[in-house]
Each structure stands twice: as structure tokens, then as C-alpha cells.
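Comments concern the structure below.
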Amino acid sequence: MSRPTVKSKKRDKRIIIAACIMVAVCFLAAVKLLSGAVDQYYEKKMTVCIDAGHGGSDSGATSTDGKRKEKDDNLNLALKVRDKLEAMGVEVIMTRDDDTFVELKQRCKIANKSRCTLFVSLHRNSSATGTGFEAWVSKIPKRNEEELAEKMLERLSQTGGSNRGVKKGYRSATANNYYVNANTNMPSILLEVGFVSDDSDNKNFDKNIDEYAKIIAEEIYSEVS
């Protein structure tokens, strides 16, 4: 049997090196392509948590005659916001989609576990004399939640109703923030869509609920897209 010559050994070495380089190039190209596809997927993946406040045994605030319950208005609006967002291609996680009681801790857990981009909790306000729209964000706002809340309020108030502004923290000194704002990992807004205790606000709510949902959905979309 003839032994390999020095020349043939060098040729074989060059072939092996070329093959290794080709494999490495193909591997790096595949990694880059896959990485790009994953990045593109997550860039386009928009997940928002819509929280219909109260529910089930927790009716929230009620109208002056006791017939109207905040929990029902919250859910009706939340479902409309969900539908409009989904039509825009946004994935929506609901903390509840029926008349069910969900603890505050569980609402935050749902949003955090799903790694949502944004958390919006829908409510209706109540007081002896109050009227209009307001929003609550963290005492130390998370990223741009304050600016988004301002845009929502500005547009909502244009439908009829006063803009009570964006407020930080909690309405009393018993806590720094509302629970859902304090315990969600993403920017979060607690939005008060009129006063259930005010007849004029209730009439506006019934008349403009589709427009409210459209405004809220559009502002959310502009933020997460």
C-alpha cells in the first residue's frame, strides 16, 4: 500500500479546512436567520391585559338608585375594547370576561405571567358630586404610562365630560399605589370612565360606550405597536 505524499496531505488538509469554514458559515447564517425571525416575532407580538374592575360578589360602586352596578359597565366596556384591539392584531389577555370575582393578586398574576406589554384596568368612579374622567398611575410612573393616560383622558373628555387629569399613587394615605399599579411588572393604568353616581355621566357612558372603547383601543395600539 502506497503512503500519502506530502502534497496529498496538504491537499486533504485544505479540503478539511474549507469544509469546516463552510459548515461554520452555514451555522452562523442559520443562527442569524433564526435569531432575526425570533426577534421579529417578539417585536410584532403585542400582548395587552385588559382588566374589567370588580365582578361577581364585588359590585363596585352603584348608581344613586342602586340599580346600576359598576362591575357591569366595566365588563361591557372591557369586552368592546378587547374586540377592537383584536381586530387591530393585538393579543388581549382578559382578567375576566364574565361576571366573576377575581382577586387583585390574581389579576396581577395573570398579566405578569403572560408578560403583557401594558395593563389597563377599567373602572367607573363614584362620589357625591364628582363627574368626568380620570386616571391613576404609579407614584413613580413605570416608563410612559403617565403620557399614555394623558392622551386617553384628553380624547375621552372630547366626547363630553370633564378631564380630571392623571393622578399618581392612591387617593388616600393608606397606600402608595393602587394594588394593580403596584403589583404589575409592566406599565399600568387604572382608568375611571365617568362617575356611575352621576346621571349625566351614565347617559354619556351609554351613548358613547363604543366611542370610549375605540379611543382606548386606539391609544393602546399606538403605544404598543
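Each chain in the C-alpha cells gets a letter, A, B and so on, in the order shown; residues start at 1 in every chain, and ligands are counted from 1 in the order they appear.
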As a PyMOL selection string, please: the residues near Leu148 in chain A (cut-off 12 Å, only C-alpha atoms, same-chain neighbours under 6 positions excluded). chain A and resi 118-120+135-137+141-142+154-155+165-166+187-191+215-224
From a DSSP pass on the backbone, collect the residues of range 64-190 of chain A flagged as alpha helix (DSSP H) and hand them back as a PyMOL selection string. chain A and resi 70-87+104-113+145-157+179-182
Write out the residues from the selection above, keeping N, CA and C atoms, as a CSV table (one decimal), in the first residue's frame.
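What landed in again21.csv:
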chain,number,residue,atom,x,y,z
A,70,GLU,N,-71.3,49.2,38.9
A,70,GLU,CA,-70.1,49.5,38.2
A,70,GLU,C,-69.5,48.2,37.5
A,71,LYS,N,-69.5,47.1,38.2
A,71,LYS,CA,-68.9,45.9,37.6
A,71,LYS,C,-69.5,45.6,36.2
A,72,ASP,N,-70.8,45.9,36.0
A,72,ASP,CA,-71.4,45.6,34.7
A,72,ASP,C,-70.9,46.5,33.6
A,73,ASP,N,-70.8,47.8,33.9
A,73,ASP,CA,-70.3,48.8,33.0
A,73,ASP,C,-68.8,48.5,32.7
A,74,ASN,N,-68.0,48.1,33.7
A,74,ASN,CA,-66.6,47.8,33.5
A,74,ASN,C,-66.5,46.7,32.5
A,75,LEU,N,-67.3,45.6,32.7
A,75,LEU,CA,-67.1,44.4,31.8
A,75,LEU,C,-67.6,44.8,30.4
A,76,ASN,N,-68.7,45.5,30.3
A,76,ASN,CA,-69.2,45.8,28.9
A,76,ASN,C,-68.2,46.6,28.1
A,77,LEU,N,-67.6,47.6,28.8
A,77,LEU,CA,-66.6,48.4,28.1
A,77,LEU,C,-65.3,47.5,27.8
A,78,ALA,N,-64.9,46.7,28.7
A,78,ALA,CA,-63.7,45.9,28.5
A,78,ALA,C,-63.8,44.9,27.4
A,79,LEU,N,-65.0,44.3,27.2
A,79,LEU,CA,-65.2,43.4,26.1
A,79,LEU,C,-65.2,44.1,24.8
A,80,LYS,N,-65.7,45.4,24.7
A,80,LYS,CA,-65.6,46.1,23.5
A,80,LYS,C,-64.2,46.6,23.2
A,81,VAL,N,-63.4,46.9,24.2
A,81,VAL,CA,-62.0,47.3,24.0
A,81,VAL,C,-61.3,46.1,23.5
A,82,ARG,N,-61.5,44.9,24.1
A,82,ARG,CA,-60.9,43.7,23.6
A,82,ARG,C,-61.1,43.4,22.1
A,83,ASP,N,-62.4,43.5,21.7
A,83,ASP,CA,-62.8,43.2,20.3
A,83,ASP,C,-62.1,44.2,19.4
A,84,LYS,N,-62.0,45.4,19.7
A,84,LYS,CA,-61.3,46.4,18.9
A,84,LYS,C,-59.8,46.2,18.8
A,85,LEU,N,-59.2,45.8,19.9
A,85,LEU,CA,-57.8,45.6,19.9
A,85,LEU,C,-57.5,44.3,19.1
A,86,GLU,N,-58.3,43.3,19.2
A,86,GLU,CA,-58.0,42.0,18.5
A,86,GLU,C,-58.2,42.3,17.0
A,87,ALA,N,-59.1,43.2,16.6
A,87,ALA,CA,-59.3,43.5,15.2
A,87,ALA,C,-58.0,44.2,14.6
A,104,LEU,N,-57.5,40.7,43.4
A,104,LEU,CA,-56.5,41.7,42.8
A,104,LEU,C,-55.2,41.0,42.6
A,105,LYS,N,-54.8,40.1,43.5
A,105,LYS,CA,-53.5,39.4,43.4
A,105,LYS,C,-53.5,38.5,42.1
A,106,GLN,N,-54.6,37.9,41.8
A,106,GLN,CA,-54.8,37.0,40.7
A,106,GLN,C,-54.7,37.8,39.4
A,107,ARG,N,-55.4,39.0,39.4
A,107,ARG,CA,-55.4,39.9,38.2
A,107,ARG,C,-53.9,40.2,37.8
A,108,CYS,N,-53.1,40.6,38.8
A,108,CYS,CA,-51.7,41.0,38.5
A,108,CYS,C,-50.9,39.7,38.1
A,109,LYS,N,-51.2,38.6,38.7
A,109,LYS,CA,-50.5,37.4,38.3
A,109,LYS,C,-50.8,37.0,36.8
A,110,ILE,N,-52.1,37.2,36.4
A,110,ILE,CA,-52.4,36.9,35.0
A,110,ILE,C,-51.6,37.7,34.1
A,111,ALA,N,-51.5,39.0,34.4
A,111,ALA,CA,-50.8,39.9,33.5
A,111,ALA,C,-49.3,39.7,33.5
A,112,ASN,N,-48.7,39.4,34.7
A,112,ASN,CA,-47.3,39.2,34.8
A,112,ASN,C,-46.9,37.9,34.2
A,113,LYS,N,-47.7,36.8,34.4
A,113,LYS,CA,-47.4,35.5,33.8
A,113,LYS,C,-47.4,35.6,32.3
A,145,GLU,N,-46.4,55.4,31.2
A,145,GLU,CA,-47.8,55.1,31.5
A,145,GLU,C,-48.5,56.5,31.7
A,146,GLU,N,-47.8,57.5,32.3
A,146,GLU,CA,-48.5,58.7,32.5
A,146,GLU,C,-48.8,59.4,31.3
A,147,GLU,N,-47.9,59.4,30.3
A,147,GLU,CA,-48.2,60.1,29.0
A,147,GLU,C,-49.4,59.4,28.3
A,148,LEU,N,-49.4,58.1,28.3
A,148,LEU,CA,-50.5,57.4,27.7
A,148,LEU,C,-51.8,57.7,28.3
A,149,ALA,N,-51.8,57.7,29.6
A,149,ALA,CA,-53.1,58.1,30.4
A,149,ALA,C,-53.6,59.5,30.0
A,150,GLU,N,-52.6,60.4,29.9
A,150,GLU,CA,-53.0,61.8,29.5
A,150,GLU,C,-53.7,61.8,28.1
A,151,LYS,N,-53.1,61.0,27.2
A,151,LYS,CA,-53.7,61.0,25.8
A,151,LYS,C,-55.1,60.4,25.9
A,152,MET,N,-55.3,59.4,26.6
A,152,MET,CA,-56.6,58.8,26.8
A,152,MET,C,-57.6,59.7,27.3
A,153,LEU,N,-57.3,60.4,28.4
A,153,LEU,CA,-58.2,61.4,29.0
A,153,LEU,C,-58.5,62.5,28.1
A,154,GLU,N,-57.5,63.0,27.4
A,154,GLU,CA,-57.8,64.1,26.5
A,154,GLU,C,-58.8,63.8,25.5
A,155,ARG,N,-58.7,62.6,24.9
A,155,ARG,CA,-59.6,62.2,23.8
A,155,ARG,C,-61.0,61.8,24.4
A,156,LEU,N,-61.0,61.2,25.5
A,156,LEU,CA,-62.3,60.8,26.2
A,156,LEU,C,-63.1,62.0,26.5
A,157,SER,N,-62.4,63.0,27.1
A,157,SER,CA,-63.2,64.2,27.5
A,157,SER,C,-63.7,65.0,26.3
A,179,TYR,N,-53.3,48.8,44.1
A,179,TYR,CA,-52.7,47.4,44.1
A,179,TYR,C,-52.3,47.0,42.7
A,180,VAL,N,-53.2,47.2,41.7
A,180,VAL,CA,-52.8,46.7,40.4
A,180,VAL,C,-51.7,47.5,39.8
A,181,ASN,N,-51.6,48.8,40.1
A,181,ASN,CA,-50.4,49.5,39.6
A,181,ASN,C,-49.1,49.2,40.3
A,182,ALA,N,-49.2,48.8,41.6
A,182,ALA,CA,-48.0,48.5,42.4
A,182,ALA,C,-47.5,47.1,42.1
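Of the residues under consideration (A:Ser63, A:Arg164, A:Asn185, A:Gly89), A:Asn185 shows the shortest atom-to-atom contact distance to Cys116 in chain A when counting only C-alpha atoms.
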Excluding range 196-201 of chain A and residues on its chain fewer than 3 positions from it, collect all residues at most 9 Å away from it, counting only C-alpha atoms, and give them as a PyMOL selection string. chain A and resi 61-65+68-70+73+124-132+160-161+193+204-206
Strand (DSSP E) residues, from DSSP on the backbone, in range 19-195 of chain A, as an MDAnalysis selection string: chainID A and resid 47:52 91:94 118:125 133:137 163:168 188:195
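For the residues A:Gly66, A:Gly169, A:Gly194, A:Gly55, ranking by smallest atom-to-atom distance to Asp99 in chain A using only C-alpha atoms places A:Gly55 first.
Straight-line separation from CA of Tyr178 in chain A to CA of Asp98 in chain A: 23.0 Å.
We find CA of Glu134 in chain A and CA of Thr117 in chain A to be spaced 21.7 Å apart.
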